[in-house]
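Listing of target_36.txt, compact mmCIF, C-alpha atoms
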```
# COMPACT_ATOMS: atom_id res chain seq x y z
CA MET A 1 30.19 -16.75 -19.06
CA LEU A 2 31.47 -20.06 -20.38
CA PHE A 3 33.01 -22.71 -18.16
CA ALA A 4 36.69 -21.80 -17.77
CA LEU A 5 38.50 -24.85 -19.08
CA PRO A 6 42.04 -25.67 -17.92
CA ASP A 7 44.66 -25.21 -20.62
CA HIS A 8 45.21 -27.65 -23.46
CA ASP A 9 48.19 -29.45 -21.87
CA VAL A 10 46.34 -30.10 -18.60
CA LEU A 11 43.32 -31.53 -20.40
CA TYR A 12 45.44 -33.60 -22.77
CA ARG A 13 47.24 -35.19 -19.81
CA ALA A 14 43.82 -35.87 -18.25
CA LEU A 15 42.78 -37.54 -21.51
CA LEU A 16 45.86 -39.77 -21.50
CA ARG A 17 45.19 -40.74 -17.87
CA ARG A 18 41.43 -41.11 -18.44
CA ASP A 19 40.99 -38.74 -15.49
CA GLY A 20 37.40 -38.90 -14.25
CA ARG A 21 37.57 -35.52 -12.50
CA TYR A 22 36.73 -33.73 -15.73
CA ASP A 23 33.93 -36.05 -16.77
CA GLY A 24 30.95 -33.95 -17.81
CA GLN A 25 32.95 -30.72 -17.61
CA ALA A 26 35.19 -31.11 -20.65
CA TYR A 27 35.10 -33.07 -23.92
CA VAL A 28 37.78 -33.75 -26.51
CA CYS A 29 37.08 -33.16 -30.20
CA VAL A 30 39.40 -35.02 -32.58
CA SER A 31 39.92 -33.26 -35.90
CA THR A 32 41.16 -36.36 -37.76
CA THR A 33 38.03 -38.41 -37.02
CA GLY A 34 35.31 -35.76 -36.56
CA ILE A 35 34.37 -37.44 -33.25
CA PHE A 36 34.04 -36.00 -29.75
CA CYS A 37 34.60 -38.08 -26.60
CA ARG A 38 34.61 -38.00 -22.84
CA LEU A 39 38.10 -37.68 -21.39
CA THR A 40 37.64 -41.14 -19.89
CA CYS A 41 37.13 -42.78 -23.28
CA ALA A 42 39.01 -46.07 -23.67
CA ALA A 43 39.66 -45.55 -27.38
CA ARG A 44 43.18 -45.12 -28.74
CA LYS A 45 44.44 -41.66 -27.82
CA PRO A 46 44.85 -39.08 -30.60
CA LYS A 47 47.88 -36.85 -31.00
CA ALA A 48 47.78 -33.61 -29.00
CA GLU A 49 47.77 -31.43 -32.11
CA ASN A 50 44.58 -33.12 -33.33
CA CYS A 51 42.66 -32.35 -30.12
CA THR A 52 40.56 -29.40 -29.08
CA PHE A 53 38.68 -29.30 -25.80
CA ARG A 54 35.18 -27.92 -25.25
CA ALA A 55 33.15 -27.35 -22.11
CA THR A 56 29.78 -28.61 -23.35
CA ILE A 57 28.30 -31.22 -25.65
CA GLY A 58 26.45 -28.45 -27.47
CA GLU A 59 29.72 -26.75 -28.40
CA CYS A 60 31.06 -30.03 -29.78
CA ILE A 61 27.97 -30.60 -31.93
CA GLU A 62 27.88 -26.99 -33.16
CA ALA A 63 31.51 -27.39 -34.22
CA GLY A 64 30.47 -30.32 -36.40
CA PHE A 65 31.67 -33.28 -34.32
CA ARG A 66 29.72 -36.51 -33.78
CA ALA A 67 29.40 -38.35 -30.48
CA CYS A 68 31.74 -41.30 -29.95
CA LYS A 69 29.94 -44.64 -30.04
CA ARG A 70 32.40 -46.16 -27.59
CA CYS A 71 32.28 -43.74 -24.63
CA GLN A 72 28.79 -42.39 -25.52
CA PRO A 73 29.08 -38.81 -24.19
CA LEU A 74 25.33 -38.26 -24.64
CA GLN A 75 24.49 -41.17 -22.35
CA ALA A 76 24.62 -39.27 -19.04
CA ALA A 77 21.93 -36.86 -20.20
CA ALA A 78 19.92 -39.73 -21.64
CA LEU A 79 20.00 -41.65 -18.35
CA ALA A 80 18.99 -38.55 -16.41
CA ASP A 81 16.07 -37.64 -18.66
CA PRO A 82 13.90 -40.32 -20.34
CA THR A 83 12.54 -37.79 -22.85
CA VAL A 84 16.04 -36.84 -23.96
CA ALA A 85 16.98 -40.51 -24.18
CA ALA A 86 13.99 -41.35 -26.35
CA LEU A 87 14.55 -38.48 -28.78
CA LEU A 88 18.28 -39.16 -29.09
CA ALA A 89 17.43 -42.76 -29.93
CA ALA A 90 14.85 -41.59 -32.47
CA LEU A 91 17.42 -39.27 -34.06
CA ASP A 92 19.82 -42.19 -34.50
CA GLU A 93 17.17 -44.62 -35.70
CA ARG A 94 15.57 -42.26 -38.21
CA PRO A 95 18.31 -40.23 -39.90
CA ASP A 96 16.01 -39.95 -42.93
CA ILE A 97 13.54 -37.67 -41.11
CA ARG A 98 13.68 -33.91 -41.50
CA TRP A 99 12.71 -33.37 -37.88
CA SER A 100 10.13 -30.71 -37.03
CA GLU A 101 8.01 -29.74 -34.04
CA GLN A 102 5.17 -31.79 -35.54
CA HIS A 103 7.28 -34.96 -35.37
CA VAL A 104 8.05 -34.31 -31.71
CA VAL A 105 4.37 -33.78 -30.91
CA GLN A 106 3.39 -36.92 -32.84
CA LEU A 107 5.76 -38.92 -30.64
CA GLY A 108 3.74 -37.69 -27.65
CA TYR A 109 6.16 -35.13 -26.19
CA ASP A 110 5.48 -31.61 -24.95
CA LEU A 111 7.50 -29.10 -26.99
CA SER A 112 8.40 -26.84 -24.07
CA THR A 113 9.53 -29.82 -21.96
CA VAL A 114 11.72 -31.11 -24.80
CA ARG A 115 13.22 -27.69 -25.37
CA ARG A 116 14.06 -27.18 -21.70
CA GLY A 117 15.56 -30.67 -21.41
CA PHE A 118 17.87 -30.33 -24.40
CA LYS A 119 18.90 -26.77 -23.51
CA ARG A 120 19.73 -27.86 -19.98
CA HIS A 121 21.85 -30.83 -21.01
CA PHE A 122 23.33 -29.68 -24.33
CA ASP A 123 22.80 -25.89 -24.52
CA MET A 124 20.89 -26.41 -27.78
CA THR A 125 17.42 -27.57 -28.76
CA PHE A 126 16.62 -30.99 -30.21
CA LEU A 127 15.76 -29.43 -33.59
CA GLU A 128 19.03 -27.47 -33.63
CA MET A 129 20.92 -30.69 -32.94
CA ALA A 130 19.14 -32.43 -35.81
CA ARG A 131 19.75 -29.52 -38.20
CA HIS A 132 23.48 -29.30 -37.41
CA ARG A 133 23.87 -33.02 -38.07
CA ARG A 134 22.06 -32.91 -41.42
CA LEU A 135 23.70 -29.83 -42.87
CA ARG A 136 27.16 -30.93 -41.86
CA GLU A 137 26.67 -34.29 -43.57
CA GLY A 138 25.50 -32.55 -46.74
CA PHE A 139 28.45 -30.17 -46.78
CA GLU A 140 30.90 -33.04 -46.23
CA THR A 141 29.42 -34.87 -49.20
CA LEU A 142 29.89 -31.82 -51.43
CA SER A 143 33.44 -31.25 -50.17
CA THR A 144 34.48 -34.76 -51.22
CA GLY A 145 33.16 -34.22 -54.74
CA GLY A 146 29.69 -35.65 -54.29
CA LYS A 147 26.75 -34.44 -56.33
CA VAL A 148 24.15 -32.07 -54.92
CA ILE A 149 21.46 -34.75 -55.08
CA THR A 150 23.74 -37.11 -53.11
CA ALA A 151 24.43 -34.39 -50.54
CA GLN A 152 20.70 -33.77 -50.26
CA HIS A 153 20.06 -37.43 -49.49
CA GLU A 154 23.01 -37.63 -47.07
CA ALA A 155 21.61 -34.60 -45.25
CA SER A 156 18.18 -36.29 -45.06
CA PHE A 157 16.26 -33.61 -46.96
CA ASP A 158 13.23 -34.98 -48.78
CA SER A 159 13.42 -32.50 -51.66
CA PRO A 160 16.09 -30.54 -53.55
CA SER A 161 14.25 -27.28 -52.80
CA ALA A 162 14.31 -27.89 -49.03
CA PHE A 163 18.04 -28.70 -49.08
CA ARG A 164 18.74 -25.68 -51.26
CA ALA A 165 16.74 -23.38 -48.96
CA ALA A 166 18.58 -24.60 -45.86
CA PHE A 167 21.94 -24.27 -47.60
CA VAL A 168 21.12 -20.75 -48.80
CA ARG A 169 20.03 -19.70 -45.29
CA LEU A 170 23.36 -20.90 -43.95
CA LEU A 171 25.81 -19.80 -46.65
CA GLY A 172 23.85 -17.37 -48.79
CA CYS A 173 24.30 -19.37 -52.00
CA ALA A 174 22.85 -22.51 -53.52
CA PRO A 175 24.78 -25.81 -53.19
CA GLY A 176 24.81 -26.23 -56.97
CA SER A 177 26.80 -22.99 -57.33
CA LEU A 178 29.73 -24.51 -55.47
CA SER A 179 32.24 -26.78 -57.18
CA LYS A 180 35.91 -27.64 -56.96
CA ASN A 181 36.69 -25.39 -59.92
CA GLY A 182 36.14 -21.99 -58.29
CA SER A 183 38.98 -19.50 -58.05
CA LEU A 184 38.03 -19.20 -54.36
CA LEU A 185 37.36 -22.35 -52.34
CA ALA A 186 35.28 -22.65 -49.17
CA SER A 187 35.78 -25.06 -46.30
CA TRP A 188 34.66 -25.47 -42.68
CA ILE A 189 37.05 -25.15 -39.75
CA ALA A 190 35.94 -26.47 -36.36
CA THR A 191 36.87 -24.32 -33.34
CA PRO A 192 35.94 -24.44 -29.64
CA LEU A 193 33.65 -21.45 -30.23
CA GLY A 194 31.80 -22.99 -33.17
CA ASP A 195 32.33 -23.76 -36.85
CA MET A 196 33.99 -21.15 -39.05
CA LEU A 197 33.82 -20.79 -42.81
CA ALA A 198 37.15 -20.16 -44.52
CA ILE A 199 37.39 -19.02 -48.14
CA SER A 200 40.78 -18.94 -49.82
CA SER A 201 42.45 -18.63 -53.17
CA ALA A 202 45.55 -20.67 -53.92
CA THR A 203 47.67 -18.04 -52.16
CA HIS A 204 45.55 -15.96 -49.75
CA LEU A 205 42.71 -16.20 -47.21
CA HIS A 206 39.79 -13.96 -48.25
CA LEU A 207 37.18 -14.68 -45.58
CA LEU A 208 37.08 -16.27 -42.12
CA GLU A 209 33.77 -16.03 -40.27
CA PHE A 210 31.70 -17.94 -37.75
CA ILE A 211 28.99 -19.87 -39.55
CA ASP A 212 26.16 -18.27 -37.58
CA ARG A 213 27.20 -14.66 -38.31
CA LYS A 214 24.13 -12.91 -39.70
CA ALA A 215 26.15 -10.92 -42.23
CA LEU A 216 27.78 -14.03 -43.73
CA PRO A 217 25.34 -14.47 -46.66
CA SER A 218 25.82 -10.83 -47.76
CA GLU A 219 29.60 -11.16 -47.40
CA LEU A 220 29.56 -14.22 -49.64
CA LYS A 221 27.53 -12.37 -52.26
CA LYS A 222 30.13 -9.58 -52.31
CA LEU A 223 32.90 -12.13 -52.79
CA GLN A 224 30.94 -13.77 -55.61
CA VAL A 225 30.77 -10.40 -57.38
CA LEU A 226 34.48 -9.72 -56.88
CA THR A 227 35.54 -13.19 -58.05
CA THR A 228 35.53 -14.00 -61.75
CA GLY A 229 35.86 -17.75 -61.18
CA GLY A 230 33.19 -18.00 -58.48
CA ILE A 231 33.35 -19.80 -55.13
CA GLY A 232 33.80 -23.56 -54.95
CA ILE A 233 34.51 -26.10 -52.25
CA GLY A 234 38.01 -27.12 -51.27
CA ARG A 235 40.96 -26.57 -48.93
CA PRO A 236 43.79 -24.54 -50.50
CA ALA A 237 47.04 -24.05 -48.60
CA PRO A 238 45.94 -20.79 -46.86
CA THR A 239 42.92 -22.59 -45.36
CA GLU A 240 45.12 -25.42 -44.12
CA GLN A 241 47.52 -22.89 -42.58
CA ALA A 242 44.62 -21.00 -40.98
CA GLU A 243 43.29 -24.20 -39.40
CA VAL A 244 46.69 -25.02 -37.89
CA GLU A 245 47.09 -21.49 -36.51
CA LEU A 246 43.56 -21.43 -35.09
CA ALA A 247 44.16 -24.77 -33.35
CA ALA A 248 47.34 -23.35 -31.79
CA PHE A 249 45.44 -20.25 -30.69
CA PHE A 250 42.56 -22.05 -29.02
CA SER A 251 44.86 -24.56 -27.33
CA GLY A 252 46.87 -21.71 -25.79
CA ARG A 253 50.07 -22.48 -27.70
CA SER A 254 50.35 -19.43 -29.98
CA ALA A 255 48.53 -16.22 -30.87
CA ILE A 256 50.59 -15.60 -34.01
CA PHE A 257 48.70 -15.57 -37.32
CA GLU A 258 50.84 -15.55 -40.45
CA THR A 259 48.30 -16.79 -43.00
CA PRO A 260 48.50 -14.42 -46.01
CA LEU A 261 45.34 -12.31 -46.25
CA THR A 262 43.49 -10.45 -48.98
CA LEU A 263 41.36 -7.66 -47.50
CA HIS A 264 38.33 -6.53 -49.49
CA GLY A 265 37.21 -3.01 -48.56
CA THR A 266 37.65 0.71 -49.04
CA PRO A 267 41.05 2.34 -48.44
CA PHE A 268 39.71 3.73 -45.15
CA SER A 269 38.48 0.30 -44.00
CA LYS A 270 41.81 -1.29 -44.87
CA GLN A 271 43.58 1.42 -42.87
CA VAL A 272 41.39 0.59 -39.86
CA TRP A 273 41.96 -3.16 -40.26
CA GLN A 274 45.72 -2.71 -40.41
CA GLU A 275 45.54 -0.70 -37.19
CA LEU A 276 43.54 -3.50 -35.56
CA ARG A 277 46.36 -5.90 -36.37
CA ARG A 278 48.76 -3.63 -34.47
CA ILE A 279 46.85 -4.04 -31.19
CA PRO A 280 49.00 -6.28 -28.97
CA VAL A 281 47.54 -9.63 -28.00
CA GLY A 282 45.76 -9.37 -24.65
CA GLU A 283 45.04 -5.65 -25.01
CA THR A 284 41.99 -3.70 -26.18
CA ARG A 285 41.38 -0.29 -27.75
CA SER A 286 38.34 1.97 -28.02
CA TYR A 287 36.92 3.11 -31.35
CA ALA A 288 38.05 6.65 -30.52
CA GLU A 289 41.61 5.43 -29.89
CA ILE A 290 41.69 3.69 -33.27
CA ALA A 291 40.45 6.88 -34.94
CA ARG A 292 43.22 8.91 -33.28
CA ARG A 293 45.87 6.36 -34.24
CA ILE A 294 44.96 6.56 -37.93
CA GLY A 295 45.08 10.36 -37.75
CA ASN A 296 41.35 11.06 -37.98
CA SER A 297 40.02 11.64 -34.45
CA SER A 298 36.57 12.70 -35.71
CA ALA A 299 35.99 9.39 -37.51
CA THR A 300 34.91 7.29 -34.51
CA ARG A 301 31.64 6.19 -36.11
CA ALA A 302 33.35 5.41 -39.40
CA VAL A 303 35.88 3.30 -37.51
CA ALA A 304 33.01 1.40 -35.88
CA ARG A 305 31.46 0.73 -39.30
CA ALA A 306 34.78 -0.48 -40.71
CA ASN A 307 35.26 -2.66 -37.65
CA GLY A 308 31.86 -4.26 -38.25
CA ALA A 309 32.63 -4.79 -41.94
CA ASN A 310 35.72 -6.88 -41.22
CA GLN A 311 35.28 -10.35 -42.72
CA ILE A 312 38.41 -12.05 -41.44
CA ALA A 313 37.65 -12.79 -37.80
CA LEU A 314 40.40 -13.29 -35.18
CA MET A 315 43.25 -12.72 -37.64
CA VAL A 316 42.04 -9.14 -38.10
CA PRO A 317 41.15 -8.78 -34.41
CA CYS A 318 38.03 -6.60 -34.41
CA HIS A 319 37.12 -8.31 -31.12
CA ARG A 320 39.85 -6.23 -29.43
CA VAL A 321 37.88 -3.01 -29.95
CA ILE A 322 35.54 -2.03 -27.12
CA GLY A 323 33.47 0.98 -26.09
CA ALA A 324 35.07 4.01 -24.46
CA ASP A 325 33.42 3.01 -21.17
CA GLY A 326 34.89 -0.47 -21.32
CA SER A 327 31.70 -2.18 -22.55
CA LEU A 328 32.02 -4.92 -25.16
CA THR A 329 29.61 -3.23 -27.62
CA GLY A 330 28.70 -5.00 -30.86
CA TYR A 331 30.36 -8.05 -32.38
CA GLY A 332 29.01 -9.91 -35.39
CA GLY A 333 30.03 -13.26 -33.94
CA GLY A 334 28.12 -12.61 -30.71
CA LEU A 335 29.16 -10.77 -27.54
CA TRP A 336 29.70 -14.08 -25.73
CA ARG A 337 32.37 -14.99 -28.30
CA LYS A 338 33.96 -11.55 -28.02
CA GLN A 339 34.22 -11.97 -24.24
CA ARG A 340 35.69 -15.45 -24.60
CA LEU A 341 38.25 -14.34 -27.21
CA ILE A 342 39.42 -11.53 -24.96
CA GLU A 343 39.73 -14.01 -22.07
CA ILE A 344 41.71 -16.45 -24.21
CA GLU A 345 44.13 -13.73 -25.31
CA ARG A 346 44.86 -12.61 -21.77
CA GLN A 347 46.83 -15.82 -21.24
CA PHE A 348 49.24 -14.74 -23.99
CA SER A 349 49.92 -11.24 -22.63
```

As a first step, turn the structure in this file into structure tokens.
Amino acid sequence: MLFALPDHDVLYRALLRRDGRYDGQAYVCVSTTGIFCRLTCAARKPKAENCTFRATIGECIEAGFRACKRCQPLQAAALADPTVAALLAALDERPDIRWSEQHVVQLGYDLSTVRRGFKRHFDMTFLEMARHRRLREGFETLSTGGKVITAQHEASFDSPSAFRAAFVRLLGCAPGSLSKNGSLLASWIATPLGDMLAISSATHLHLLEFIDRKALPSELKKLQVLTTGGIGIGRPAPTEQAEVELAAFFSGRSAIFETPLTLHGTPFSKQVWQELRRIPVGETRSYAEIARRIGNSSATRAVARANGANQIALMVPCHRVIGADGSLTGYGGGLWRKQRLIEIERQFS
């Protein structure tokens, strides 16, 4: 279970007051700067709508935010653990290195000790922290119109093939296949539960998934096949609208999603997805209940498959479907996210 954060308004007031009671238990991520801070940070305060709050440093980093250089949120862990401090300093001093276990060993550190230290303080390993930083920098370069070779260098990859391989593992397609001229455009959206990839046309959202979903590469390939103009990088109006609605959802202000959607699937799958959207916020249904509601009570397994094939997370709320015995069962974004989404929605019911 994740740390149960107070609601957005309580934490924002704590940020304005620089309330030390939440120090180390909550962090603010500012969408306009890409920076995350302690709530006691002395920097100029951002607007409430530009803030999301996360319980751990690891969540902030996974969502693509960088540590503030003024309040130094990583400093507490660094002061408590000399090994963590030394490796954080090395990461800042040598952004050109594609960090590996060999580099850590060469610096004289025990791999298991390093792993335990970073997991304890940040809920992620040192190598995961380094990888998130590099790939995010590369994607940001591409999204602003930079060339692939520039993105490769910004992401600190020493060869085009290494950058391409990492990009393909993450998104299922090569960086060179993305441009600003695609009929569908991809962009990242930071959320308290991790980065999401949004893909939209000029008028509709076609995909919204957590970056670490295992099925994401295959979903992207299907979209590539269905799209004559290919997938590029950019932020059309539906993506902008989705980001605003997701921010309102995670801050506890609204659970209403009105972003126009295009659903890619069989007629049966679309029927299931439309039924999912009828589940009231804060409630759950079993697969068997969904099957009965669409008039096909023997199709429980088919409903489960359609539920798993949904590629617009949250807005088509497949997380609201649970096992007949009340168990969470499968969720492509991870059962921990499914549990947290259900918890978040209970405040709206």

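All protein and nucleic acid residues in the vicinity of (15.9, -36.8, -29.4), that is within 10 Å when counting all atoms listed in the file, are Ala78, Pro82, Thr83, Val84, Ala85, Ala86, Leu87, Leu88, Ala89, Ala90, Leu91, Asp92, Trp99, Val104, Val114, Phe118, Thr125, Phe126, Leu127, Met129 and Ala130 of chain A.
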
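You can rank A:Gly117, A:Pro238, A:Pro46, A:Gly34 by their closest distance to Arg66 of chain A using all atoms listed in the file, and at the top of that list sits A:Gly34.
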
- [ ] Could you check how far atom CA of Arg293 of chain A sits from atom CA of Val316 of chain A, in Å to one decimal?
- [x] 16.4 Å

- [ ] Quick one: everything within 8 Å of segment 20-30 of chain A, counting only C-alpha atoms, minus sequence neighbours fewer than 6 positions away in the same chain. Send it as an NGL selection string.
- [x] :A and (5 or 14 or 36-40 or 46 or 50-57 or 60 or 65)

- [ ] Can you work out which one of A:Ser218, A:Asn307, A:Leu205, A:Ala255 has the shortest atom-to-atom distance to Glu240 of chain A, counting all atoms listed in the file?
- [x]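 Smallest distance to Glu240 of chain A is found for A:Leu205.
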
- [ ] Can you work out the spacing between atom CA of Arg131 of chain A and atom CA of Gly230 of chain A in Å, to one decimal?
- [x] 26.9 Å

Task: Distance criterion (only C-alpha atoms): nearest to Arg337 of chain A out of A:Gln224, A:Ser183, A:Thr191, A:Gln241 - done: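 Answer, going by the shortest atom-to-atom distance: A:Thr191.
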
TODO: Give me the residues within 10 Å of Gly333 of chain A as a list in words, counting all atoms listed in the file and dropping any in the same chain fewer than 6 places off.
DONE: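 Returned residues: Leu193, Gly194, Glu209, Phe210, Ile211, Asp212, Arg213, Lys214, Ala215, Ala313 and His319 of chain A.
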
- [ ] May I ask for the distance between atom CA of Gly234 of chain A and atom CA of Glu49 of chain A, given in Å to one decimal place?
- [x]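 Rounded to one decimal, the two atoms are 21.9 Å apart.
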
Open item on the list: Applying 8 Å and all atoms listed in the file, which residues near Leu207 of chain A remain after dropping the ones on its own chain fewer than 6 positions away? List them as a count of residues only.
Closed with: 6

Open item on the list: Could you check the closest approach to Thr203 of chain A for each of A:Val225, A:Ala48, A:Leu261, A:Leu216 and tell me which residue wins, using all atoms listed in the file?
Closed with: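 Nearest candidate to Thr203 of chain A out of A:Val225, A:Ala48, A:Leu261, A:Leu216: A:Leu261.
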
- [ ] May I have the residues within 9 Å of Phe268 of chain A as a list in words, using all atoms listed in the file and disregarding those fewer than 3 positions away in the same chain?
- [x]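 My reading of the contact set: Gly265, Gln271, Val272, Trp273, Ala302, Val303 and Ala306 of chain A.
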
Take the residues from that selection and write them out as an mmCIF file, keeping the file's coordinate frame, keeping C-alpha atoms.
```cif
data_model
loop_
_atom_site.group_PDB
_atom_site.id
_atom_site.type_symbol
_atom_site.label_atom_id
_atom_site.label_comp_id
_atom_site.auth_asym_id
_atom_site.auth_seq_id
_atom_site.Cartn_x
_atom_site.Cartn_y
_atom_site.Cartn_z
ATOM 1 C CA GLY A 265 37.210 -3.010 -48.560
ATOM 2 C CA GLN A 271 43.580 1.420 -42.870
ATOM 3 C CA VAL A 272 41.390 0.590 -39.860
ATOM 4 C CA TRP A 273 41.960 -3.160 -40.260
ATOM 5 C CA ALA A 302 33.350 5.410 -39.400
ATOM 6 C CA VAL A 303 35.880 3.300 -37.510
ATOM 7 C CA ALA A 306 34.780 -0.480 -40.710
#
```

Task: Test item: residues at most 10 Å from Gly229 of chain A, all atoms listed in the file, excluding those fewer than 2 positions along its chain, as a list in words - done: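 Selected residues are Asn181, Gly182, Ser183, Leu184, Gln224, Val225, Leu226, Thr227, Ile231 and Gly232 of chain A.
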